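Novice: Following this line is input.pdb, made up of PDB, C-alpha atoms:
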```pdb
MODEL        1
ATOM      1  CA  MET A   1      30.571  10.678  -0.030
ATOM      2  CA  PRO A   2      28.532  13.937  -0.221
ATOM      3  CA  ASN A   3      25.353  14.099   1.866
ATOM      4  CA  SER A   4      23.231  14.639  -1.253
ATOM      5  CA  VAL A   5      24.523  11.378  -2.722
ATOM      6  CA  ILE A   6      23.876   9.519   0.532
ATOM      7  CA  LYS A   7      20.312  10.879   0.614
ATOM      8  CA  THR A   8      19.688   9.782  -2.985
ATOM      9  CA  CYS A   9      21.043   6.306  -2.240
ATOM     10  CA  ASN A  10      18.743   6.004   0.778
ATOM     11  CA  VAL A  11      15.763   7.020  -1.356
ATOM     12  CA  CYS A  12      16.696   4.424  -3.966
ATOM     13  CA  SER A  13      16.997   1.606  -1.435
ATOM     14  CA  TYR A  14      13.752   2.316   0.414
ATOM     15  CA  TYR A  15      11.454   3.958  -2.129
ATOM     16  CA  GLU A  16      12.288   1.998  -5.289
ATOM     17  CA  ARG A  17       9.863  -0.798  -4.513
ATOM     18  CA  PHE A  18       7.859  -2.500  -7.263
ATOM     19  CA  CYS A  19       4.368  -3.864  -6.588
ATOM     20  CA  SER A  20       3.332  -6.279  -9.336
ATOM     21  CA  ASP A  21       0.228  -7.160  -7.298
ATOM     22  CA  ALA A  22      -1.071  -3.591  -7.640
ATOM     23  CA  LEU A  23      -0.456  -3.618 -11.386
ATOM     24  CA  ALA A  24      -2.335  -6.892 -11.803
ATOM     25  CA  ALA A  25      -5.484  -5.335 -10.305
ATOM     26  CA  VAL A  26      -5.621  -2.296 -12.612
ATOM     27  CA  PRO A  27      -8.974  -2.260 -14.491
ATOM     28  CA  PRO A  28      -8.449  -2.698 -18.241
ATOM     29  CA  ASP A  29     -10.319   0.549 -18.985
ATOM     30  CA  ALA A  30      -8.513   2.654 -16.353
ATOM     31  CA  ARG A  31      -7.553   6.147 -17.495
ATOM     32  CA  THR A  32      -6.847   7.958 -14.216
ATOM     33  CA  VAL A  33      -5.160   6.457 -11.152
ATOM     34  CA  LEU A  34      -4.479   7.829  -7.681
ATOM     35  CA  SER A  35      -1.480   6.271  -5.908
ATOM     36  CA  VAL A  36      -1.276   7.162  -2.226
ATOM     37  CA  GLY A  37       2.312   6.913  -1.014
ATOM     38  CA  CYS A  38       3.699   6.450  -4.516
ATOM     39  CA  ALA A  39       7.352   6.587  -3.352
ATOM     40  CA  ALA A  40       9.658   7.023  -6.361
ATOM     41  CA  GLY A  41       6.923   5.852  -8.741
ATOM     42  CA  LYS A  42       8.605   2.692  -9.998
ATOM     43  CA  THR A  43       5.334   0.745 -10.094
ATOM     44  CA  GLU A  44       3.250   3.655 -11.344
ATOM     45  CA  ALA A  45       5.698   4.358 -14.184
ATOM     46  CA  GLU A  46       4.411   1.184 -15.841
ATOM     47  CA  LEU A  47       0.918   2.714 -15.886
ATOM     48  CA  VAL A  48       2.237   5.957 -17.355
ATOM     49  CA  LYS A  49       3.761   3.910 -20.183
ATOM     50  CA  ARG A  50       0.249   2.609 -20.919
ATOM     51  CA  GLY A  51      -1.022   6.160 -21.353
ATOM     52  CA  ILE A  52      -2.714   6.274 -17.929
ATOM     53  CA  THR A  53      -2.632   9.519 -15.946
ATOM     54  CA  VAL A  54      -1.254   8.797 -12.476
ATOM     55  CA  VAL A  55      -1.621  11.248  -9.596
ATOM     56  CA  GLY A  56       0.683  10.321  -6.736
ATOM     57  CA  ILE A  57       0.940  11.478  -3.139
ATOM     58  CA  GLU A  58       4.405  11.338  -1.572
ATOM     59  CA  ILE A  59       5.736  12.932   1.614
ATOM     60  CA  ASN A  60       9.443  12.431   0.864
ATOM     61  CA  PRO A  61      10.553  15.282  -1.439
ATOM     62  CA  ASP A  62      13.433  13.343  -3.035
ATOM     63  CA  ALA A  63      11.208  10.374  -3.836
ATOM     64  CA  ALA A  64       8.505  12.744  -5.128
ATOM     65  CA  ASN A  65      10.970  14.323  -7.554
ATOM     66  CA  MET A  66      11.994  10.897  -8.830
ATOM     67  CA  ALA A  67       8.330  10.029  -9.388
ATOM     68  CA  ARG A  68       7.790  13.258 -11.335
ATOM     69  CA  GLU A  69      10.726  12.362 -13.571
ATOM     70  CA  ARG A  70       8.880   9.113 -14.331
ATOM     71  CA  GLY A  71       5.821  10.986 -15.553
ATOM     72  CA  LEU A  72       3.594  11.069 -12.456
ATOM     73  CA  VAL A  73       1.663  14.121 -11.318
ATOM     74  CA  VAL A  74       2.894  14.245  -7.731
ATOM     75  CA  LEU A  75       1.298  16.031  -4.780
ATOM     76  CA  GLY A  76       3.973  16.471  -2.128
ATOM     77  CA  GLY A  77       2.946  16.168   1.506
ATOM     78  CA  ASN A  78       0.965  14.137   4.005
ATOM     79  CA  ALA A  79      -1.821  11.971   2.543
ATOM     80  CA  SER A  80      -4.003  12.762   5.549
ATOM     81  CA  CYS A  81      -4.512  16.385   4.518
ATOM     82  CA  ILE A  82      -3.827  16.705   0.773
ATOM     83  CA  ASP A  83      -6.743  17.545  -1.531
ATOM     84  CA  VAL A  84      -6.738  15.005  -4.373
ATOM     85  CA  ASN A  85      -9.397  16.833  -6.399
ATOM     86  CA  ILE A  86      -7.093  18.593  -8.842
ATOM     87  CA  GLY A  87      -8.901  18.035 -12.141
ATOM     88  CA  TYR A  88      -8.078  14.402 -12.957
ATOM     89  CA  GLU A  89     -10.862  12.816 -10.928
ATOM     90  CA  PRO A  90     -13.076  10.858 -10.765
ATOM     91  CA  TYR A  91     -10.372   8.236 -10.495
ATOM     92  CA  ASP A  92     -10.780   4.762 -11.949
ATOM     93  CA  TYR A  93      -8.339   3.102  -9.567
ATOM     94  CA  ILE A  94      -6.704   3.950  -6.223
ATOM     95  CA  ILE A  95      -3.549   2.274  -4.892
ATOM     96  CA  TYR A  96      -2.637   2.039  -1.201
ATOM     97  CA  ALA A  97       0.498  -0.116  -1.272
ATOM     98  CA  ASP A  98       1.798  -0.390   2.306
ATOM     99  CA  ILE A  99       0.670   3.086   3.343
ATOM    100  CA  LEU A 100      -2.486   2.850   5.481
ATOM    101  CA  GLU A 101      -0.577   1.460   8.470
ATOM    102  CA  HIS A 102       1.439   4.704   8.499
ATOM    103  CA  LEU A 103      -1.618   6.961   8.826
ATOM    104  CA  LEU A 104      -3.123   8.192  12.079
ATOM    105  CA  ASP A 105      -6.703   7.878  10.786
ATOM    106  CA  PRO A 106      -6.769   5.598   7.712
ATOM    107  CA  VAL A 107     -10.574   5.424   7.652
ATOM    108  CA  SER A 108     -10.998   9.172   7.196
ATOM    109  CA  VAL A 109      -8.408   9.155   4.389
ATOM    110  CA  LEU A 110     -10.122   6.242   2.669
ATOM    111  CA  LYS A 111     -13.535   7.875   3.021
ATOM    112  CA  ARG A 112     -12.322  11.163   1.523
ATOM    113  CA  HIS A 113     -10.547   9.492  -1.396
ATOM    114  CA  VAL A 114     -13.427   7.130  -2.177
ATOM    115  CA  GLN A 115     -15.581  10.216  -2.771
ATOM    116  CA  SER A 116     -13.226  10.982  -5.692
ATOM    117  CA  LEU A 117     -13.453   7.426  -7.059
ATOM    118  CA  LYS A 118     -15.941   6.802  -9.840
ATOM    119  CA  ALA A 119     -18.912   4.479  -9.243
ATOM    120  CA  GLY A 120     -17.686   0.931  -9.781
ATOM    121  CA  GLY A 121     -14.061   2.094  -9.396
ATOM    122  CA  THR A 122     -11.435  -0.221  -7.932
ATOM    123  CA  VAL A 123      -9.210   0.091  -4.853
ATOM    124  CA  TYR A 124      -6.035  -1.878  -4.130
ATOM    125  CA  VAL A 125      -4.720  -2.143  -0.561
ATOM    126  CA  SER A 126      -1.736  -4.001   0.857
ATOM    127  CA  VAL A 127      -0.873  -3.994   4.570
ATOM    128  CA  PRO A 128       1.421  -5.886   6.948
ATOM    129  CA  ASN A 129      -0.204  -8.820   8.720
ATOM    130  CA  PHE A 130       0.003  -8.355  12.483
ATOM    131  CA  ARG A 131      -1.333 -11.885  13.078
ATOM    132  CA  HIS A 132       1.976 -13.258  11.795
ATOM    133  CA  TYR A 133       3.543 -15.861  14.086
ATOM    134  CA  PHE A 134       6.583 -13.611  14.594
ATOM    135  CA  ILE A 135       4.376 -11.001  16.279
ATOM    136  CA  LEU A 136       2.629 -13.614  18.401
ATOM    137  CA  TRP A 137       6.006 -15.025  19.449
ATOM    138  CA  GLN A 138       7.281 -11.630  20.564
ATOM    139  CA  LEU A 139       4.112 -10.696  22.435
ATOM    140  CA  PHE A 140       3.122 -13.935  24.144
ATOM    141  CA  ILE A 141       6.435 -15.771  24.517
ATOM    142  CA  LEU A 142       9.075 -13.047  24.833
ATOM    143  CA  GLY A 143       6.688 -10.489  26.329
ATOM    144  CA  ARG A 144       8.031  -7.504  24.400
ATOM    145  CA  ILE A 145       8.160  -5.995  20.922
ATOM    146  CA  ARG A 146      11.389  -4.932  19.216
ATOM    147  CA  TYR A 147      10.794  -2.541  16.340
ATOM    148  CA  GLN A 148      12.854  -2.695  13.164
ATOM    149  CA  ASP A 149      13.770  -0.495  10.200
ATOM    150  CA  ALA A 150      11.490  -2.437   7.825
ATOM    151  CA  GLY A 151       8.966  -5.263   7.772
ATOM    152  CA  ILE A 152       5.895  -5.843   9.911
ATOM    153  CA  LEU A 153       7.460  -4.141  12.928
ATOM    154  CA  ASP A 154       8.684  -1.123  10.989
ATOM    155  CA  ARG A 155       9.096   1.595  13.608
ATOM    156  CA  THR A 156       7.056   4.029  11.457
ATOM    157  CA  HIS A 157       3.893   1.883  11.624
ATOM    158  CA  ILE A 158       1.277   3.528  13.820
ATOM    159  CA  ARG A 159      -1.715   1.275  13.040
ATOM    160  CA  ILE A 160      -2.110  -2.462  13.613
ATOM    161  CA  THR A 161      -3.487  -4.066  10.461
ATOM    162  CA  THR A 162      -5.134  -7.450   9.977
ATOM    163  CA  ARG A 163      -7.489  -8.930   7.429
ATOM    164  CA  ARG A 164     -10.520  -8.281   9.609
ATOM    165  CA  ALA A 165      -9.458  -4.707  10.378
ATOM    166  CA  VAL A 166      -9.184  -3.795   6.698
ATOM    167  CA  LEU A 167     -12.535  -5.417   5.905
ATOM    168  CA  ASP A 168     -14.110  -3.313   8.676
ATOM    169  CA  TRP A 169     -12.585  -0.194   7.098
ATOM    170  CA  PHE A 170     -14.107  -1.149   3.752
ATOM    171  CA  ASP A 171     -17.534  -1.451   5.354
ATOM    172  CA  GLU A 172     -17.187   2.016   6.868
ATOM    173  CA  VAL A 173     -16.291   3.737   3.602
ATOM    174  CA  GLY A 174     -18.618   1.903   1.207
ATOM    175  CA  LEU A 175     -16.218  -0.512  -0.501
ATOM    176  CA  THR A 176     -17.140  -4.072  -1.419
ATOM    177  CA  LEU A 177     -14.444  -6.721  -1.214
ATOM    178  CA  VAL A 178     -13.609  -8.430  -4.505
ATOM    179  CA  ARG A 179     -10.771 -10.629  -3.260
ATOM    180  CA  TYR A 180      -7.885 -10.787  -0.813
ATOM    181  CA  ASN A 181      -4.580 -12.614  -0.897
ATOM    182  CA  TYR A 182      -2.124 -13.700   1.790
ATOM    183  CA  ILE A 183       1.432 -12.858   0.715
ATOM    184  CA  LEU A 184       4.035 -15.297   2.020
ATOM    185  CA  TRP A 185       7.720 -14.374   2.030
ATOM    186  CA  GLY A 186      10.290 -17.099   1.392
ATOM    187  CA  ARG A 187      10.221 -20.652   0.079
ATOM    188  CA  ARG A 188      10.128 -22.177   3.572
ATOM    189  CA  ASN A 189       6.949 -20.322   4.554
ATOM    190  CA  ARG A 190       5.267 -21.266   1.281
ATOM    191  CA  LEU A 191       6.222 -24.905   1.853
ATOM    192  CA  ILE A 192       4.891 -24.863   5.416
ATOM    193  CA  SER A 193       1.630 -23.341   4.213
ATOM    194  CA  ALA A 194       1.271 -25.965   1.497
ATOM    195  CA  CYS A 195       1.925 -28.800   3.975
ATOM    196  CA  LEU A 196      -0.832 -27.386   6.188
ATOM    197  CA  PHE A 197      -3.192 -27.136   3.189
ATOM    198  CA  GLY A 198      -3.261 -23.352   3.515
ATOM    199  CA  LEU A 199      -5.081 -23.500   6.842
ATOM    200  CA  ALA A 200      -2.397 -21.486   8.658
ATOM    201  CA  ARG A 201      -1.841 -18.818   5.985
ATOM    202  CA  GLU A 202      -3.170 -16.064   8.211
ATOM    203  CA  PHE A 203      -0.381 -16.750  10.697
ATOM    204  CA  ILE A 204       2.399 -17.301   8.137
ATOM    205  CA  ALA A 205       1.715 -14.461   5.697
ATOM    206  CA  ALA A 206       3.752 -11.294   6.192
ATOM    207  CA  GLN A 207       1.363  -9.172   4.124
ATOM    208  CA  ILE A 208      -2.220  -9.194   2.925
ATOM    209  CA  SER A 209      -3.455  -7.568  -0.278
ATOM    210  CA  PHE A 210      -7.047  -6.623  -1.067
ATOM    211  CA  VAL A 211      -8.997  -5.585  -4.136
ATOM    212  CA  ALA A 212     -12.287  -3.784  -3.490
ATOM    213  CA  ARG A 213     -14.864  -1.919  -5.521
ATOM    214  CA  LYS A 214     -16.911   1.180  -4.829
ATOM    215  CA  GLN A 215     -20.578   0.367  -4.347
TER     216      GLN A 215
ENDMDL
END
```
Starting from the file, give its structure as structure tokens.
Specialist:
Amino acid sequence: MPNSVIKTCNVCSYYERFCSDALAAVPPDARTVLSVGCAAGKTEAELVKRGITVVGIEINPDAANMARERGLVVLGGNASCIDVNIGYEPYDYIIYADILEHLLDPVSVLKRHVQSLKAGGTVYVSVPNFRHYFILWQLFILGRIRYQDAGILDRTHIRITTRRAVLDWFDEVGLTLVRYNYILWGRRNRLISACLFGLAREFIAAQISFVARKQ
């Protein structure tokens, strides 16, 4: 198989994620959206279909091209240094779907982007939950961490993220929490959580999503 085909297949498998949670939080009057780490734009394409202008940031050039084909305005490069003020701001909504844990200084990125968010604008964030029992098991029982190609211990994660950590970031950049949600993977984990009346969700959830608003 040619290398170009292999590369495209890899992009499809990793970057073609769909985040229904982020779509559910879009304000009904949103006209301009910034998606940081938009990947191939599968989620954002649904917003384009609604007539919403979506500006995406994507570091992978193949994924960025796929997102452009879906109607996004894509800024190629690292989210930590790209200027998002390109004429579509102030933004009504900003999406950070599983991206902040990949950034060296997520607070500075959030602070810079929030300046381009309109007053009362909405922010969606999803991050891996490092208080998951799997992490605790590896650290305190096995005494070592084994990184993986995906999931909470994705080898490209450079920031540890928890519910409290993200809430602290919001305080620093002037965002007010609207709601958060623990995302449980698999029927067994959902059953365990239900049997424990939801009291252990913070240790069973693989991800946490947040909706916040600019003060």
Novice: Arg70 in chain A: which residues within 8 Å, counting all atoms listed in the file, same-chain residues fewer than 6 positions away excluded, as a list in words?
Specialist: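 Everything that qualifies: Gly41, Lys42, Ala45 and Val48 of chain A.
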Novice: With all atoms listed in the file as the atoms that count, which of A:Val109, A:Ala205, A:Ala22, A:Leu72 lies nearest to Gly51 in chain A?
Specialist: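 Once distances to Gly51 in chain A are computed over all atoms listed in the file, the minimum belongs to A:Leu72.
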Novice: Would you list the residues near (12.0, 5.2, -6.8), meaning any protein, DNA or RNA residue with an atom at most 7 Å from that point in file coordinates, counting all atoms listed in the file, as a ChimeraX atom specification?
Specialist: /A:11-12,15-17,39-42,63,66-67
Novice: Using only C-alpha atoms, please write the residues we just selected to a file, as a PDB file, in the coordinates of the input.
Specialist:
```pdb
ATOM      1  CA  VAL A  11      15.763   7.020  -1.356  1.00  0.00           C
ATOM      2  CA  CYS A  12      16.696   4.424  -3.966  1.00  0.00           C
ATOM      3  CA  TYR A  15      11.454   3.958  -2.129  1.00  0.00           C
ATOM      4  CA  GLU A  16      12.288   1.998  -5.289  1.00  0.00           C
ATOM      5  CA  ARG A  17       9.863  -0.798  -4.513  1.00  0.00           C
ATOM      6  CA  ALA A  39       7.352   6.587  -3.352  1.00  0.00           C
ATOM      7  CA  ALA A  40       9.658   7.023  -6.361  1.00  0.00           C
ATOM      8  CA  GLY A  41       6.923   5.852  -8.741  1.00  0.00           C
ATOM      9  CA  LYS A  42       8.605   2.692  -9.998  1.00  0.00           C
ATOM     10  CA  ALA A  63      11.208  10.374  -3.836  1.00  0.00           C
ATOM     11  CA  MET A  66      11.994  10.897  -8.830  1.00  0.00           C
ATOM     12  CA  ALA A  67       8.330  10.029  -9.388  1.00  0.00           C
TER      13      ALA A  67
END
```
Novice: Which one of A:Asn181, A:Glu58, A:Pro27, A:Val211 sits closest to Pro128 in chain A if you count only C-alpha atoms?
Specialist: A:Asn181
Novice: Tell me, in Å to one decimal, how far CA of Ala165 in chain A is from CA of Val178 in chain A.
Specialist: 15.9 Å
Novice: Selection in question (the file shown): the PyMOL selection byres ((chain A and resi 208) around 10). Which residues does it include, as a count of residues only?
Specialist: 22
Novice: So how many Å separate CA of Trp137 in chain A and CA of Leu167 in chain A, to one decimal?
Specialist: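 We find that CA of Trp137 in chain A and CA of Leu167 in chain A lie 24.9 Å from each other.
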Novice: As an exercise, work out the distance from CA of Ser80 in chain A to CA of Leu34 in chain A in Å and give it to one decimal place.
Specialist: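 Taking CA of Ser80 in chain A as the start and CA of Leu34 in chain A as the end point, the length is 14.1 Å.
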Novice: Have a look at A:Ile94, A:Ile204, A:Cys81, A:Ile52 and name the one nearest to Phe134 in chain A; count all atoms listed in the file.
Specialist: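 Checking each of A:Ile94, A:Ile204, A:Cys81, A:Ile52 against Phe134 in chain A, counting all atoms listed in the file, the winner is A:Ile204.
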Novice: Running the PyMOL selection byres ((chain A and resi 212) around 8) on this model by hand, what would come out? Give it as a PDB file with C-alpha atoms, in the coordinates of the input.
Specialist:
```
ATOM      1  CA  THR A 122     -11.435  -0.221  -7.932  1.00  0.00           C
ATOM      2  CA  VAL A 123      -9.210   0.091  -4.853  1.00  0.00           C
ATOM      3  CA  TYR A 124      -6.035  -1.878  -4.130  1.00  0.00           C
ATOM      4  CA  PHE A 170     -14.107  -1.149   3.752  1.00  0.00           C
ATOM      5  CA  LEU A 175     -16.218  -0.512  -0.501  1.00  0.00           C
ATOM      6  CA  THR A 176     -17.140  -4.072  -1.419  1.00  0.00           C
ATOM      7  CA  LEU A 177     -14.444  -6.721  -1.214  1.00  0.00           C
ATOM      8  CA  VAL A 178     -13.609  -8.430  -4.505  1.00  0.00           C
ATOM      9  CA  ARG A 179     -10.771 -10.629  -3.260  1.00  0.00           C
ATOM     10  CA  PHE A 210      -7.047  -6.623  -1.067  1.00  0.00           C
ATOM     11  CA  VAL A 211      -8.997  -5.585  -4.136  1.00  0.00           C
ATOM     12  CA  ARG A 213     -14.864  -1.919  -5.521  1.00  0.00           C
ATOM     13  CA  LYS A 214     -16.911   1.180  -4.829  1.00  0.00           C
TER      14      LYS A 214
END
```
Novice: Show me as a compact mmCIF listing (two decimals) with C-alpha atoms, keeping the file's coordinate frame the residues that reach within 10 Å of (0.1, 1.7, 2.5), counting all atoms listed in the file and using the file's own coordinates.
Specialist:
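Below you can see part-v9.txt, which holds the result:
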```txt
# COMPACT_ATOMS: atom_id res chain seq x y z
CA SER A 35 -1.48 6.27 -5.91
CA VAL A 36 -1.28 7.16 -2.23
CA GLY A 37 2.31 6.91 -1.01
CA CYS A 38 3.70 6.45 -4.52
CA ILE A 95 -3.55 2.27 -4.89
CA TYR A 96 -2.64 2.04 -1.20
CA ALA A 97 0.50 -0.12 -1.27
CA ASP A 98 1.80 -0.39 2.31
CA ILE A 99 0.67 3.09 3.34
CA LEU A 100 -2.49 2.85 5.48
CA GLU A 101 -0.58 1.46 8.47
CA HIS A 102 1.44 4.70 8.50
CA LEU A 103 -1.62 6.96 8.83
CA PRO A 106 -6.77 5.60 7.71
CA TYR A 124 -6.04 -1.88 -4.13
CA VAL A 125 -4.72 -2.14 -0.56
CA SER A 126 -1.74 -4.00 0.86
CA VAL A 127 -0.87 -3.99 4.57
CA PRO A 128 1.42 -5.89 6.95
CA HIS A 157 3.89 1.88 11.62
```
Novice: Extract, using only C-alpha atoms, all DNA, RNA and protein residues at most 12 Å from Ile86 in chain A, discarding same-chain residues fewer than 3 positions from it, and format them as an NGL selection string.
Specialist: :A and (32 or 34 or 54-56 or 73-75 or 82-83 or 89-91 or 116)
